[in-house]
Amino acid sequence: MSLSRRQVRLRREYLYRRSLEGREREVYEKKRKVAEALAAGKPIPTELRDEEAELRRLDELDPSRGGPLNRAPGALDDEYARSLTGERQAKVCVSTSRDPSSRLKQFAKELKHMLPNSTRVNRGNARVSALVEATRRGEFTDLILVHETRGQPDGLVVCHLPLGPTTYFTLENCVLRHDVDTPPKYSSDIAPHLIFHDFDETKPLARRLKTVLTCLFPVPKSEGHERLCTFYNAEDRISFRHHAASREGKEVELKELGPRFEMRPYMIKLGTLDQADADVEWVLRPYMNSAKKVI
């Protein structure tokens, strides 16, 4: 099933805005270098000397008027702008690959129970394009698909709707809730408090992944956190843990609720799951395994 003409038009407009943002960011970096050189009393970088006059004209270098150091373009992801500002509440659809095993079905159920305001849908023989179109009509904000190999969950895909992006993760060491020793009961209607540990905010990929994961959950209340969801980054592998918190005086007791697993991102596409020709924003290459941390 092809996208409707309206969705094609919206997608084209979005990609155009992204291309403009890329050009604006390039100009912004040039203006930033000129401003830093002037502030430090250093010579203008050689590669920018021919463009200095034009850059001065394009931007107000006076700090009292904003200055290039205070106005970075694209500071807010366009796709997630409404979700981050609270205008659009998270509404997640959870589904599986075709012909899922009982363990994968149980894993999908536990994800649904963990995510407030989420719905689990039996995939059946539905194609990906039909599933994406159905969730888009249902005004879902995200679609989560989980995959398996020999009965073990090993893949998770997060597709943001209606225009993307789509983020792909591998899963390892998946432990389901009923495998945890005597997990306590909890209410899935209460939004959990999110903890992101060791996500380097100076790296674009870390900020991107944090936004993708944050927007799967509604905004929690400022007090009375009964659930904690922790995303712990270690060597570009994200460990997920789910706990219930109870306070007794000054002490806080944590009890694991499950599920728990490790996830590693390997690709981000600037489109929805049914768009095979969507542009790739980031992909993990084999030679990157020995490179510096990217998250």
# chains A, B, ... in the order shown; residues from 1 in each chain; ligands from 1

call {"tool": "select_by_dssp", "arguments": {"residues": "region 35-282 of chain A", "states": "alpha helix (DSSP H)", "output": "PyMOL selection string"}}
result
chain A and resi 35-40+52-58+81-84+102-114+128-137+204-214

call {"tool": "residues_around", "arguments": {"residues": "region 204-219 of chain A", "least_positions_apart": "2", "cutoff": "9 Å", "atoms": "only C-alpha atoms", "output": "ChimeraX atom specification"}}
result
/A:77,80,83-84,86,89-92,115-117,141-142,158,160,165,167,191-194,196,199-202,221,231,265,282,294-295

call {"tool": "residues_around", "arguments": {"residues": "Glu139 (chain A)", "least_positions_apart": "2", "cutoff": "9 Å", "atoms": "only C-alpha atoms", "output": "PyMOL selection string"}}
result
chain A and resi 91+134-137+141+161-162

call {"tool": "select_by_dssp", "arguments": {"residues": "region 137-225 of chain A", "states": "strand (DSSP E or B)", "output": "ChimeraX atom specification"}}
result
/A:142-149,152-160,166-175,193-197

call {"tool": "residues_around", "arguments": {"residues": "His243 (chain A)", "least_positions_apart": "6", "cutoff": "12 Å", "atoms": "only C-alpha atoms", "output": "list in words"}}
result
Met114, Arg177, Val180, Pro183, Pro184, Lys185, Tyr186, Pro192, His193, Leu194, Ile195, His225, Glu226, Arg227, Leu228, Cys229, Thr230, Phe231, Val252, Glu253, Leu254, Lys255, Glu256, Leu257, Gly258, Pro259 and Arg260 of chain A

call {"tool": "atom_distance", "arguments": {"atom1": "CA of Leu270 (chain A)", "atom2": "CA of Pro153 (chain A)"}}
result
24.8 Å

call {"tool": "residues_around", "arguments": {"residues": "Ser102 (chain A)", "least_positions_apart": "4", "cutoff": "9 Å", "atoms": "only C-alpha atoms", "output": "VMD selection string"}}
result
chain A and resid 106 to 107 151

call {"tool": "residues_around", "arguments": {"residues": "region 125-130 of chain A", "least_positions_apart": "4", "cutoff": "12 Å", "atoms": "only C-alpha atoms", "output": "JSON, numbers by chain"}}
result
{"A": [1, 2, 3, 4, 95, 96, 97, 98, 99, 100, 121, 134, 135, 136, 137, 143, 144, 145, 157, 159, 272, 273, 274, 275, 276]}
